[in-house]
file run.cif (mmCIF, C-alpha atoms)
data_work
loop_
_atom_site.label_atom_id
_atom_site.label_comp_id
_atom_site.auth_asym_id
_atom_site.auth_seq_id
_atom_site.Cartn_x
_atom_site.Cartn_y
_atom_site.Cartn_z
CA MET M 8 119.75 60.80 60.82
CA LYS M 9 120.85 59.84 64.28
CA GLU M 10 118.07 59.11 66.82
CA PRO M 11 118.09 61.73 69.67
CA SER M 12 119.57 60.39 72.86
CA PHE M 13 117.32 59.27 75.72
CA THR M 14 118.57 62.17 77.85
CA LEU M 15 117.67 64.68 75.14
CA LYS M 16 114.17 63.18 74.78
CA LEU M 17 113.70 63.36 78.56
CA LEU M 18 114.85 66.98 78.64
CA THR M 19 112.48 67.90 75.80
CA LEU M 20 109.56 66.29 77.64
CA ALA M 21 110.49 68.04 80.87
CA LEU M 22 110.60 71.44 79.18
CA LEU M 23 107.37 70.95 77.23
CA PRO M 24 105.08 72.65 79.80
CA PHE M 25 107.41 75.67 79.84
CA ASN M 26 107.23 75.85 76.04
CA PHE M 27 103.45 75.84 76.19
CA ALA M 28 103.44 78.51 78.89
CA SER M 29 105.91 80.63 76.95
CA HIS M 30 103.90 80.25 73.75
CA ALA M 31 100.68 81.22 75.57
CA SER M 32 102.42 84.22 77.12
CA ASP M 33 103.77 85.40 73.72
CA ALA M 34 100.37 84.99 72.08
CA GLY M 35 98.83 86.79 75.06
CA ARG M 36 101.29 89.66 74.64
CA ASP M 37 100.36 89.98 70.95
CA LEU M 38 96.68 89.96 71.83
CA PHE M 39 97.27 92.51 74.60
CA ASN M 40 99.14 94.83 72.22
CA GLN M 41 96.37 94.47 69.69
CA SER M 42 93.33 94.84 71.97
CA CYS M 43 94.22 96.33 75.36
CA VAL M 44 96.96 98.95 75.04
CA ALA M 45 94.56 101.67 73.95
CA CYS M 46 93.46 101.86 77.61
CA HIS M 47 95.84 99.78 79.75
CA SER M 48 99.60 100.04 80.17
CA VAL M 49 102.15 97.49 81.39
CA GLN M 50 104.93 100.09 81.45
CA ASP M 51 106.75 101.04 84.65
CA ASN M 52 104.63 103.68 86.42
CA SER M 53 107.30 104.81 88.90
CA ASN M 54 107.72 108.27 87.37
CA ILE M 55 104.12 109.04 86.46
CA SER M 56 102.88 112.58 87.20
CA LEU M 57 99.55 113.28 88.88
CA SER M 58 98.15 114.78 85.65
CA GLN M 59 99.14 111.64 83.72
CA ARG M 60 97.60 109.47 86.44
CA LEU M 61 94.29 111.33 86.23
CA GLU M 62 94.29 111.07 82.44
CA GLU M 63 94.76 107.29 82.42
CA LYS M 64 91.81 105.53 80.81
CA ALA M 65 92.19 102.37 82.87
CA PRO M 66 94.27 100.98 85.73
CA THR M 67 97.91 100.14 85.13
CA LEU M 68 98.66 96.45 84.53
CA PHE M 69 102.37 96.98 85.18
CA TYR M 70 102.22 94.61 88.15
CA ALA M 71 99.16 92.55 87.16
CA GLY M 72 100.91 89.28 88.01
CA ASN M 73 101.59 90.51 91.55
CA LYS M 74 98.03 91.76 91.95
CA PHE M 75 95.38 89.43 90.58
CA ASN M 76 94.30 85.89 91.26
CA ALA M 77 94.79 84.21 87.87
CA GLN M 78 91.61 82.16 88.15
CA TRP M 79 89.50 85.24 88.86
CA LEU M 80 91.16 87.24 86.07
CA GLN M 81 90.55 84.58 83.42
CA LYS M 82 86.90 84.25 84.45
CA TRP M 83 86.35 88.02 84.66
CA LEU M 84 87.76 88.71 81.19
CA VAL M 85 85.03 86.53 79.69
CA ALA M 86 82.24 88.23 81.63
CA PRO M 87 83.55 91.55 83.00
CA SER M 88 81.59 93.41 85.64
CA ASN M 89 82.16 96.89 86.99
CA ILE M 90 84.59 97.08 89.91
CA ARG M 91 84.71 100.88 90.16
CA SER M 92 81.28 102.55 90.04
CA GLY M 93 82.71 105.67 88.45
CA GLY M 94 85.33 104.01 86.27
CA HIS M 95 89.08 104.45 86.73
CA PHE M 96 88.79 108.11 87.80
CA PHE M 97 85.36 108.87 89.21
CA LEU M 98 85.50 112.63 88.60
CA ASN M 99 85.25 112.17 84.84
CA ARG M 100 81.73 110.77 85.36
CA VAL M 101 80.40 113.04 88.10
CA LYS M 102 77.16 114.94 87.70
CA VAL M 103 76.49 117.79 90.12
CA THR M 104 72.84 117.64 91.22
CA ASP M 105 70.71 119.36 93.88
CA ASP M 106 71.07 116.19 95.97
CA GLY M 107 74.85 116.24 95.74
CA ASP M 108 77.37 114.76 93.31
CA VAL M 109 76.38 111.48 91.68
CA ILE M 110 78.06 109.09 89.26
CA ASP M 111 76.55 109.32 85.79
CA GLU M 112 76.36 105.56 85.19
CA SER M 113 75.53 106.03 81.51
CA ALA M 114 78.96 107.63 81.08
CA VAL M 115 80.90 104.73 82.64
CA PRO M 116 82.51 102.64 79.89
CA GLN M 117 81.90 98.89 79.96
CA HIS M 118 84.97 96.67 79.74
CA PRO M 119 84.86 94.56 76.54
CA ALA M 120 84.54 90.79 76.93
CA VAL M 121 86.83 88.24 75.24
CA ASN M 122 86.28 84.56 74.50
CA ALA M 123 87.57 81.78 76.74
CA GLU M 124 90.70 81.09 74.68
CA GLN M 125 91.63 84.78 74.51
CA ALA M 126 91.06 85.10 78.28
CA LYS M 127 93.47 82.23 78.85
CA LEU M 128 96.16 83.82 76.65
CA LEU M 129 95.75 87.28 78.20
CA THR M 130 95.82 85.86 81.72
CA SER M 131 98.98 83.92 80.91
CA TYR M 132 100.68 87.10 79.67
CA LEU M 133 99.43 89.38 82.45
CA MET M 134 100.40 86.97 85.20
CA GLN M 135 103.98 87.22 83.90
CA GLN M 136 104.04 90.93 84.86
CA ARG M 137 105.60 90.66 88.30
CA PRO M 138 108.03 93.54 88.86
CA LYS M 139 107.09 94.00 92.52
CA SER M 140 107.47 90.48 93.88
CA GLU M 141 109.83 91.75 96.57
CA LEU M 142 106.98 93.77 98.10
CA LEU M 143 104.81 90.65 98.27
CA ALA M 144 107.65 88.66 99.84
CA ARG M 145 107.48 90.97 102.87
CA GLU M 146 103.85 90.01 103.56
CA HIS M 147 103.00 86.90 105.56
CA MET M 148 99.30 87.12 106.38
CA THR M 149 96.61 84.57 105.77
CA PRO M 150 93.03 85.87 105.61
CA GLY M 151 91.01 84.58 108.56
CA LYS M 152 87.65 85.33 110.15
CA ILE M 153 86.15 88.23 112.08
CA SER M 154 82.61 88.97 113.27
CA LYS M 155 80.90 90.93 110.51
CA THR M 156 79.67 93.58 112.96
CA LEU M 157 83.16 94.16 114.36
CA GLY M 158 84.58 94.16 110.86
CA ASP M 159 81.98 96.61 109.57
CA ASN M 160 82.74 99.02 112.44
CA ASP M 161 86.47 98.72 111.88
CA PHE M 162 86.17 99.18 108.10
CA HIS M 163 83.76 102.11 108.21
CA LYS M 164 84.15 103.94 111.54
CA PHE M 165 87.64 103.25 112.85
CA LYS M 166 89.69 103.02 109.67
CA GLY M 167 87.46 105.07 107.37
CA CYS M 168 87.92 102.69 104.40
CA GLY M 169 84.17 102.71 103.76
CA ALA M 170 84.31 106.41 102.93
CA CYS M 171 85.63 105.49 99.47
CA HIS M 172 85.11 101.72 99.17
CA GLN M 173 82.05 99.49 99.32
CA GLY M 174 82.45 96.72 101.89
CA GLY M 175 79.94 94.17 103.15
CA ASP M 176 76.38 94.42 101.73
CA ALA M 177 77.87 96.61 98.97
CA TYR M 178 77.63 99.56 101.38
CA GLY M 179 80.09 102.44 101.24
CA GLY M 180 81.71 105.04 99.02
CA VAL M 181 81.98 104.76 95.28
CA SER M 182 85.18 106.58 94.29
CA GLY M 183 87.40 103.55 95.01
CA PRO M 184 87.03 99.96 93.80
CA GLU M 185 84.43 97.82 95.57
CA LEU M 186 86.01 95.46 98.08
CA TYR M 187 83.33 92.83 98.59
CA THR M 188 84.97 90.70 95.87
CA ALA M 189 88.54 91.71 96.79
CA ILE M 190 89.50 88.31 98.21
CA ASP M 191 88.39 86.52 95.04
CA ARG M 192 90.04 89.12 92.84
CA LEU M 193 93.34 89.93 94.53
CA GLN M 194 96.26 88.06 96.06
CA PRO M 195 96.12 88.43 99.88
CA GLU M 196 99.76 89.58 100.02
CA TYR M 197 98.93 92.29 97.49
CA ILE M 198 96.00 93.48 99.61
CA SER M 199 98.07 93.73 102.78
CA SER M 200 101.00 95.33 100.95
CA TYR M 201 98.76 97.89 99.23
CA ILE M 202 97.07 98.83 102.52
CA ARG M 203 100.51 99.13 104.15
CA SER M 204 102.12 101.29 101.45
CA PRO M 205 99.85 102.13 98.51
CA GLU M 206 102.37 104.65 97.18
CA LEU M 207 104.96 101.89 96.67
CA TRP M 208 102.62 100.29 94.13
CA ASP M 209 101.18 103.36 92.53
CA PRO M 210 103.22 106.53 93.22
CA LYS M 211 100.21 108.72 92.42
CA THR M 212 97.65 106.49 94.10
CA LEU M 213 94.45 108.19 95.23
CA MET M 214 94.49 106.09 98.40
CA PRO M 215 96.03 107.45 101.62
CA ASN M 216 98.56 105.52 103.69
CA ARG M 217 96.94 105.28 107.15
CA HIS M 218 100.19 103.94 108.66
CA LEU M 219 98.52 100.79 109.97
CA ASN M 220 100.39 98.15 111.92
CA ASP M 221 100.28 94.40 111.18
CA SER M 222 97.42 93.73 113.57
CA SER M 223 95.25 96.48 112.00
CA ILE M 224 96.00 95.26 108.48
CA LYS M 225 95.20 91.67 109.47
CA LYS M 226 91.82 92.79 110.83
CA LEU M 227 90.98 94.38 107.47
CA LEU M 228 92.13 91.30 105.57
CA ASP M 229 89.95 89.12 107.82
CA TYR M 230 86.99 91.43 107.16
CA LEU M 231 87.43 91.26 103.38
CA ASN M 232 87.60 87.49 103.68
CA THR M 233 84.48 87.38 105.86
CA ILE M 234 82.37 89.53 103.54
CA SER M 235 83.63 87.59 100.54
CA LEU M 236 82.51 84.34 102.17
CA ASN M 237 79.14 85.94 102.86
CA THR M 238 78.62 86.93 99.23
CA GLN M 239 79.47 83.51 97.75
CA MET Y 22 128.91 139.76 117.13
CA LYS Y 23 130.28 137.30 114.58
CA LEU Y 24 127.95 134.64 115.93
CA LEU Y 25 125.02 137.03 115.63
CA SER Y 26 125.85 137.82 111.99
CA PHE Y 27 126.24 134.17 111.19
CA THR Y 28 122.91 133.36 112.83
CA ALA Y 29 121.19 136.16 110.90
CA LEU Y 30 122.72 134.92 107.63
CA PHE Y 31 121.68 131.34 108.39
CA LEU Y 32 118.12 132.38 109.19
CA ALA Y 33 117.92 134.48 106.03
CA LEU Y 34 119.13 131.57 103.88
CA PHE Y 35 117.00 129.00 105.69
CA GLY Y 36 113.98 131.26 105.34
CA ALA Y 37 114.65 131.69 101.62
CA VAL Y 38 114.84 127.95 101.06
CA ASN Y 39 111.58 127.39 102.91
CA THR Y 40 109.66 130.17 101.25
CA HIS Y 41 107.20 128.54 98.94
CA ALA Y 42 105.01 130.68 96.76
CA ALA Y 43 101.80 128.68 96.69
CA ASP Y 44 100.67 127.54 93.25
CA VAL Y 45 96.85 127.73 93.29
CA GLY Y 46 96.63 126.00 89.89
CA ASN Y 47 98.53 123.01 91.21
CA GLY Y 48 96.34 123.15 94.32
CA GLU Y 49 93.27 122.81 92.10
CA LEU Y 50 94.73 119.70 90.42
CA LEU Y 51 95.44 118.17 93.84
CA TYR Y 52 91.93 119.07 95.00
CA ARG Y 53 90.42 117.33 91.98
CA ALA Y 54 92.48 114.20 92.66
CA TYR Y 55 92.19 113.80 96.41
CA CYS Y 56 89.39 115.99 97.78
CA THR Y 57 86.45 116.08 95.37
CA GLN Y 58 85.49 112.46 96.08
CA CYS Y 59 84.18 113.53 99.50
CA HIS Y 60 84.11 117.35 99.45
CA GLY Y 61 82.43 117.55 96.05
CA LYS Y 62 83.30 118.76 92.59
CA ASN Y 63 82.35 122.28 93.69
CA GLY Y 64 83.72 121.92 97.22
CA ASP Y 65 80.28 122.06 98.87
CA GLY Y 66 80.76 118.88 100.92
CA TRP Y 67 78.49 116.73 98.78
CA GLY Y 68 80.99 114.54 96.93
CA VAL Y 69 80.01 111.16 95.47
CA ASN Y 70 80.98 109.43 98.72
CA ALA Y 71 79.10 111.76 101.07
CA ALA Y 72 75.77 109.93 100.88
CA THR Y 73 77.01 106.92 102.90
CA MET Y 74 79.28 108.75 105.33
CA ASP Y 75 78.46 109.07 109.06
CA VAL Y 76 79.94 112.56 109.20
CA LEU Y 77 79.38 115.00 106.36
CA PRO Y 78 82.56 116.32 104.76
CA LYS Y 79 83.36 119.99 105.36
CA ASP Y 80 81.68 122.47 103.02
CA HIS Y 81 84.64 124.44 101.70
CA THR Y 82 82.34 127.06 100.19
CA ASP Y 83 81.03 128.00 103.65
CA THR Y 84 82.95 131.23 104.12
CA GLN Y 85 81.73 131.92 107.66
CA GLU Y 86 82.91 128.51 108.85
CA MET Y 87 86.14 128.45 106.87
CA ILE Y 88 87.39 131.87 108.01
CA THR Y 89 87.53 130.47 111.54
CA ARG Y 90 90.24 128.02 110.38
CA THR Y 91 93.81 129.17 109.96
CA ASP Y 92 95.99 128.01 107.07
CA ALA Y 93 97.98 126.03 109.65
CA ASP Y 94 94.77 124.24 110.78
CA ILE Y 95 93.91 123.30 107.19
CA PHE Y 96 97.49 122.21 106.50
CA LYS Y 97 97.49 119.99 109.59
CA ALA Y 98 94.09 118.46 108.75
CA ILE Y 99 95.30 117.55 105.25
CA LYS Y 100 98.69 116.25 106.29
CA GLU Y 101 97.78 114.42 109.48
CA GLY Y 102 94.07 113.78 109.03
CA GLY Y 103 90.89 114.99 110.74
CA LYS Y 104 91.72 113.38 114.07
CA ALA Y 105 94.83 115.58 114.40
CA VAL Y 106 92.58 118.67 114.51
CA SER Y 107 89.86 117.05 116.66
CA LYS Y 108 87.66 116.33 113.66
CA SER Y 109 86.44 113.13 112.02
CA ASN Y 110 88.72 110.18 111.41
CA LEU Y 111 87.01 109.83 108.02
CA MET Y 112 89.23 112.67 106.82
CA PRO Y 113 92.46 110.72 106.21
CA ASN Y 114 96.08 111.84 106.49
CA TRP Y 115 97.51 112.60 103.05
CA ASP Y 116 101.15 112.81 104.12
CA ALA Y 117 102.23 109.93 101.85
CA ASN Y 118 100.47 111.41 98.82
CA MET Y 119 101.61 115.02 98.89
CA THR Y 120 104.76 116.90 99.86
CA ASP Y 121 104.51 119.83 102.28
CA GLU Y 122 104.81 122.23 99.33
CA GLU Y 123 101.96 120.51 97.52
CA ILE Y 124 99.82 120.68 100.66
CA LYS Y 125 100.55 124.44 100.79
CA ASP Y 126 99.34 124.69 97.18
CA LEU Y 127 96.20 122.82 98.19
CA VAL Y 128 95.60 125.09 101.20
CA ALA Y 129 95.87 128.10 98.87
CA TYR Y 130 93.27 126.56 96.55
CA VAL Y 131 90.90 125.75 99.45
CA ARG Y 132 91.25 129.40 100.53
CA SER Y 133 90.32 130.50 96.99
CA VAL Y 134 87.19 128.31 97.12
CA CYS Y 135 86.02 129.48 100.52
CA CYS Y 136 87.23 132.95 100.96
CA ALA Y 137 88.06 134.61 97.65
CA LYS Y 138 85.38 137.25 98.28
CA GLU Y 139 86.67 137.93 101.78
CA SER Y 140 90.23 138.52 100.64
CA SER Y 141 89.33 140.61 97.58
#
call {"tool": "encode", "arguments": {"input": "run.cif", "output": "structure tokens"}}
result
Amino acid sequence: MKEPSFTLKLLTLALLPFNFASHASDAGRDLFNQSCVACHSVQDNSNISLSQRLEEKAPTLFYAGNKFNAQWLQKWLVAPSNIRSGGHFFLNRVKVTDDGDVIDESAVPQHPAVNAEQAKLLTSYLMQQRPKSELLAREHMTPGKISKTLGDNDFHKFKGCGACHQGGDAYGGVSGPELYTAIDRLQPEYISSYIRSPELWDPKTLMPNRHLNDSSIKKLLDYLNTISLNTQ
Amino acid sequence: MKLLSFTALFLALFGAVNTHAADVGNGELLYRAYCTQCHGKNGDGWGVNAATMDVLPKDHTDTQEMITRTDADIFKAIKEGGKAVSKSNLMPNWDANMTDEEIKDLVAYVRSVCCAKESS
């Protein structure tokens, strides 16, 4: 049999990393279909109805690769912690008491953990899900710094984000995801894009569009960065 | 005269297109999705987020308070946010989440929570 040419050997070597990545992504897809699809979907959510959105068991992963920081995702899958106090849709876990509505924590499902190898495969597959890259390409902000007091006031009083989200010192509302780990968890362009137009990501999002300009969005991004630095 | 007839016809048609019979059932679904987090599962203003808010959300079961608000006031507060009706900025604008017709459904549901006894 004829020895492969030098060029062919070079080409094979050059493509090797892509083969590994592709293999990991395929294995991750198989693992995802086996273990995750009972709760999560990677299907296009553009035409979802509000009823369907409220019945979802877990957040869509349709655009996971545009949303998460891969390093955080891989680490989190091994040791998941709760990001939404009341789960994906808080109302399913609300108890009405004399002191007002509270989240029944015993009713909030815990996300299953996977081993390190499985986390790597799943992360590889999920980071391939990037249907909304054009939205990220419109964002050009780098998280900076802000005084925590100014940021707290902006987040809670002026913008009202703290009504639904926990910010610095884990203080704030519980119906939305906590945001004191947002900078570790999410790509900065995703954060600014989601604040700018949440409905372009999730047509039946439960988050309002406050029609913020670039400067207002930057201030929030700086705040999330500041409180993230404070919690490390 | 012709112009008058045409105008009358236009207004009749335009009015017909814009007549929306509010769907209270759909309003309830929208209320569950967007309002209960602050206004409470039963609409009493004590939603899961209320405990850490600087201004308490409106109690929609308070008939005496709610009958002082017109449907147009409630519609405006939902669509444009609390600030638009001189209330708290913590009540956000929901214009990107609901169409005008959906907001009308929601207003009808809020009316059923607050004032069903009054109107019956």
call {"tool": "interface_residues", "arguments": {"input": "run.cif", "of": "chain M", "to": "chain Y", "cutoff": "10 Å", "atoms": "only C-alpha atoms", "output": "PDB file with C-alpha atoms, keeping the file's coordinate frame"}}
result
ATOM      1  CA  LEU M  57      99.550 113.280  88.880  1.00  0.00           C
ATOM      2  CA  SER M  58      98.150 114.780  85.650  1.00  0.00           C
ATOM      3  CA  ARG M  60      97.600 109.470  86.440  1.00  0.00           C
ATOM      4  CA  LEU M  61      94.290 111.330  86.230  1.00  0.00           C
ATOM      5  CA  GLY M  93      82.710 105.670  88.450  1.00  0.00           C
ATOM      6  CA  PHE M  96      88.790 108.110  87.800  1.00  0.00           C
ATOM      7  CA  PHE M  97      85.360 108.870  89.210  1.00  0.00           C
ATOM      8  CA  LEU M  98      85.500 112.630  88.600  1.00  0.00           C
ATOM      9  CA  VAL M 101      80.400 113.040  88.100  1.00  0.00           C
ATOM     10  CA  LYS M 102      77.160 114.940  87.700  1.00  0.00           C
ATOM     11  CA  VAL M 103      76.490 117.790  90.120  1.00  0.00           C
ATOM     12  CA  THR M 104      72.840 117.640  91.220  1.00  0.00           C
ATOM     13  CA  ASP M 105      70.710 119.360  93.880  1.00  0.00           C
ATOM     14  CA  ASP M 106      71.070 116.190  95.970  1.00  0.00           C
ATOM     15  CA  GLY M 107      74.850 116.240  95.740  1.00  0.00           C
ATOM     16  CA  ASP M 108      77.370 114.760  93.310  1.00  0.00           C
ATOM     17  CA  VAL M 109      76.380 111.480  91.680  1.00  0.00           C
ATOM     18  CA  ILE M 110      78.060 109.090  89.260  1.00  0.00           C
ATOM     19  CA  HIS M 163      83.760 102.110 108.210  1.00  0.00           C
ATOM     20  CA  LYS M 164      84.150 103.940 111.540  1.00  0.00           C
ATOM     21  CA  PHE M 165      87.640 103.250 112.850  1.00  0.00           C
ATOM     22  CA  LYS M 166      89.690 103.020 109.670  1.00  0.00           C
ATOM     23  CA  GLY M 167      87.460 105.070 107.370  1.00  0.00           C
ATOM     24  CA  CYS M 168      87.920 102.690 104.400  1.00  0.00           C
ATOM     25  CA  GLY M 169      84.170 102.710 103.760  1.00  0.00           C
ATOM     26  CA  ALA M 170      84.310 106.410 102.930  1.00  0.00           C
ATOM     27  CA  CYS M 171      85.630 105.490  99.470  1.00  0.00           C
ATOM     28  CA  HIS M 172      85.110 101.720  99.170  1.00  0.00           C
ATOM     29  CA  GLN M 173      82.050  99.490  99.320  1.00  0.00           C
ATOM     30  CA  TYR M 178      77.630  99.560 101.380  1.00  0.00           C
ATOM     31  CA  GLY M 179      80.090 102.440 101.240  1.00  0.00           C
ATOM     32  CA  GLY M 180      81.710 105.040  99.020  1.00  0.00           C
ATOM     33  CA  VAL M 181      81.980 104.760  95.280  1.00  0.00           C
ATOM     34  CA  SER M 182      85.180 106.580  94.290  1.00  0.00           C
ATOM     35  CA  GLY M 183      87.400 103.550  95.010  1.00  0.00           C
ATOM     36  CA  SER M 204     102.120 101.290 101.450  1.00  0.00           C
ATOM     37  CA  PRO M 205      99.850 102.130  98.510  1.00  0.00           C
ATOM     38  CA  GLU M 206     102.370 104.650  97.180  1.00  0.00           C
ATOM     39  CA  LEU M 207     104.960 101.890  96.670  1.00  0.00           C
ATOM     40  CA  PRO M 210     103.220 106.530  93.220  1.00  0.00           C
ATOM     41  CA  LYS M 211     100.210 108.720  92.420  1.00  0.00           C
ATOM     42  CA  THR M 212      97.650 106.490  94.100  1.00  0.00           C
ATOM     43  CA  LEU M 213      94.450 108.190  95.230  1.00  0.00           C
ATOM     44  CA  MET M 214      94.490 106.090  98.400  1.00  0.00           C
ATOM     45  CA  PRO M 215      96.030 107.450 101.620  1.00  0.00           C
ATOM     46  CA  ASN M 216      98.560 105.520 103.690  1.00  0.00           C
ATOM     47  CA  ARG M 217      96.940 105.280 107.150  1.00  0.00           C
ATOM     48  CA  HIS M 218     100.190 103.940 108.660  1.00  0.00           C
TER      49      HIS M 218
END
call {"tool": "resolve_selection", "arguments": {"input": "run.cif", "expression": "the PyMOL selection byres ((chain M and resi 191) around 8)", "output": "list in words"}}
result
Asn76, Trp79, Thr188, Ala189, Ile190, Arg192, Leu193 and Ser235 of chain M
call {"tool": "resolve_selection", "arguments": {"input": "run.cif", "expression": "the PyMOL selection byres ((chain M and resi 45) around 12)", "output": "list in words"}}
result
Phe39, Asn40, Gln41, Ser42, Cys43, Val44, Cys46, His47, Ser48, Val49, Glu63, Lys64, Ala65, Pro66 and Thr67 of chain M
call {"tool": "resolve_selection", "arguments": {"input": "run.cif", "expression": "the PyMOL selection byres ((chain Y and resi 84-95) around 9)", "output": "list in words"}}
result
Asp80, His81, Thr82, Asp83, Phe96, Lys97, Ala98, Ile99, Lys100, Val106, Lys125, Val128, Ala129, Val131, Arg132, Val134, Cys135, Cys136, Ala137, Lys138 and Glu139 of chain Y
call {"tool": "write_last_selection", "arguments": {"input": "run.cif", "atoms": "C-alpha atoms", "output": "PDB file, in the coordinates of the input"}}
result
ATOM      1  CA  ASP Y  80      81.680 122.470 103.020  1.00  0.00           C
ATOM      2  CA  HIS Y  81      84.640 124.440 101.700  1.00  0.00           C
ATOM      3  CA  THR Y  82      82.340 127.060 100.190  1.00  0.00           C
ATOM      4  CA  ASP Y  83      81.030 128.000 103.650  1.00  0.00           C
ATOM      5  CA  PHE Y  96      97.490 122.210 106.500  1.00  0.00           C
ATOM      6  CA  LYS Y  97      97.490 119.990 109.590  1.00  0.00           C
ATOM      7  CA  ALA Y  98      94.090 118.460 108.750  1.00  0.00           C
ATOM      8  CA  ILE Y  99      95.300 117.550 105.250  1.00  0.00           C
ATOM      9  CA  LYS Y 100      98.690 116.250 106.290  1.00  0.00           C
ATOM     10  CA  VAL Y 106      92.580 118.670 114.510  1.00  0.00           C
ATOM     11  CA  LYS Y 125     100.550 124.440 100.790  1.00  0.00           C
ATOM     12  CA  VAL Y 128      95.600 125.090 101.200  1.00  0.00           C
ATOM     13  CA  ALA Y 129      95.870 128.100  98.870  1.00  0.00           C
ATOM     14  CA  VAL Y 131      90.900 125.750  99.450  1.00  0.00           C
ATOM     15  CA  ARG Y 132      91.250 129.400 100.530  1.00  0.00           C
ATOM     16  CA  VAL Y 134      87.190 128.310  97.120  1.00  0.00           C
ATOM     17  CA  CYS Y 135      86.020 129.480 100.520  1.00  0.00           C
ATOM     18  CA  CYS Y 136      87.230 132.950 100.960  1.00  0.00           C
ATOM     19  CA  ALA Y 137      88.060 134.610  97.650  1.00  0.00           C
ATOM     20  CA  LYS Y 138      85.380 137.250  98.280  1.00  0.00           C
ATOM     21  CA  GLU Y 139      86.670 137.930 101.780  1.00  0.00           C
TER      22      GLU Y 139
END
call {"tool": "atom_distance", "arguments": {"input": "run.cif", "atom1": "atom CA of M:Tyr197", "atom2": "atom CA of Y:Asp121"}}
result
28.5 Å
call {"tool": "atom_distance", "arguments": {"input": "run.cif", "atom1": "atom CA of M:Glu196", "atom2": "atom CA of M:His118"}}
result
26.1 Å
call {"tool": "closest_atom_pairs", "arguments": {"input": "run.cif", "of": "stretch 26-49 of chain M", "to": "stretch 129-146 of chain M", "cutoff": "6 Å", "atoms": "all atoms listed in the file", "output": "tab-separated table"}}
result
residue	atom	partner	partner_atom	distance
M:Ser32	CA	M:Tyr132	CA	4.2
M:Gly35	CA	M:Leu129	CA	4.4
M:Arg36	CA	M:Tyr132	CA	5.7
call {"tool": "atom_distance", "arguments": {"input": "run.cif", "atom1": "atom CA of M:Gln81", "atom2": "atom CA of M:Leu128"}}
result
8.8 Å
call {"tool": "residues_around", "arguments": {"input": "run.cif", "residues": "M:Ala86", "least_positions_apart": "2", "cutoff": "8 Å", "atoms": "all atoms listed in the file", "output": "number ranges by chain"}}
result
M: 82-84, 88, 120-121
call {"tool": "closest_residue", "arguments": {"input": "run.cif", "among": "M:Arg100, M:Arg91, M:Lys127, M:Lys155", "to": "M:Gln78", "atoms": "only C-alpha atoms"}}
result
M:Lys127
call {"tool": "build_atoms", "arguments": {"input": "run.cif", "residues": "stretch 151-163 of chain M", "atoms": "N, CA and C atoms", "output": "PDB file, in the frame of the given file"}}
result
ATOM      1  N   GLY M 151      91.755  85.416 107.607  1.00  0.00           N
ATOM      2  CA  GLY M 151      91.010  84.580 108.560  1.00  0.00           C
ATOM      3  C   GLY M 151      89.585  85.058 108.700  1.00  0.00           C
ATOM      4  N   LYS M 152      89.055  84.971 109.916  1.00  0.00           N
ATOM      5  CA  LYS M 152      87.650  85.330 110.150  1.00  0.00           C
ATOM      6  C   LYS M 152      87.561  86.484 111.147  1.00  0.00           C
ATOM      7  N   ILE M 153      86.453  87.198 111.081  1.00  0.00           N
ATOM      8  CA  ILE M 153      86.150  88.230 112.080  1.00  0.00           C
ATOM      9  C   ILE M 153      84.623  88.340 112.119  1.00  0.00           C
ATOM     10  N   SER M 154      84.068  88.763 113.238  1.00  0.00           N
ATOM     11  CA  SER M 154      82.610  88.970 113.270  1.00  0.00           C
ATOM     12  C   SER M 154      82.281  90.102 112.297  1.00  0.00           C
ATOM     13  N   LYS M 155      81.216  89.919 111.537  1.00  0.00           N
ATOM     14  CA  LYS M 155      80.900  90.930 110.510  1.00  0.00           C
ATOM     15  C   LYS M 155      80.632  92.303 111.138  1.00  0.00           C
ATOM     16  N   THR M 156      79.964  92.297 112.312  1.00  0.00           N
ATOM     17  CA  THR M 156      79.670  93.580 112.960  1.00  0.00           C
ATOM     18  C   THR M 156      80.949  94.306 113.360  1.00  0.00           C
ATOM     19  N   LEU M 157      81.872  93.549 113.980  1.00  0.00           N
ATOM     20  CA  LEU M 157      83.160  94.160 114.360  1.00  0.00           C
ATOM     21  C   LEU M 157      83.897  94.663 113.126  1.00  0.00           C
ATOM     22  N   GLY M 158      83.890  93.816 112.097  1.00  0.00           N
ATOM     23  CA  GLY M 158      84.580  94.160 110.860  1.00  0.00           C
ATOM     24  C   GLY M 158      83.983  95.380 110.189  1.00  0.00           C
ATOM     25  N   ASP M 159      82.659  95.447 110.171  1.00  0.00           N
ATOM     26  CA  ASP M 159      81.980  96.610 109.570  1.00  0.00           C
ATOM     27  C   ASP M 159      82.383  97.896 110.297  1.00  0.00           C
ATOM     28  N   ASN M 160      82.365  97.832 111.652  1.00  0.00           N
ATOM     29  CA  ASN M 160      82.740  99.020 112.440  1.00  0.00           C
ATOM     30  C   ASN M 160      84.176  99.438 112.163  1.00  0.00           C
ATOM     31  N   ASP M 161      85.053  98.438 112.112  1.00  0.00           N
ATOM     32  CA  ASP M 161      86.470  98.720 111.880  1.00  0.00           C
ATOM     33  C   ASP M 161      86.666  99.343 110.496  1.00  0.00           C
ATOM     34  N   PHE M 162      86.025  98.747 109.498  1.00  0.00           N
ATOM     35  CA  PHE M 162      86.170  99.180 108.100  1.00  0.00           C
ATOM     36  C   PHE M 162      85.598 100.590 107.886  1.00  0.00           C
ATOM     37  N   HIS M 163      84.418 100.826 108.470  1.00  0.00           N
ATOM     38  CA  HIS M 163      83.760 102.110 108.210  1.00  0.00           C
ATOM     39  C   HIS M 163      84.149 103.190 109.229  1.00  0.00           C
TER      40      HIS M 163
END
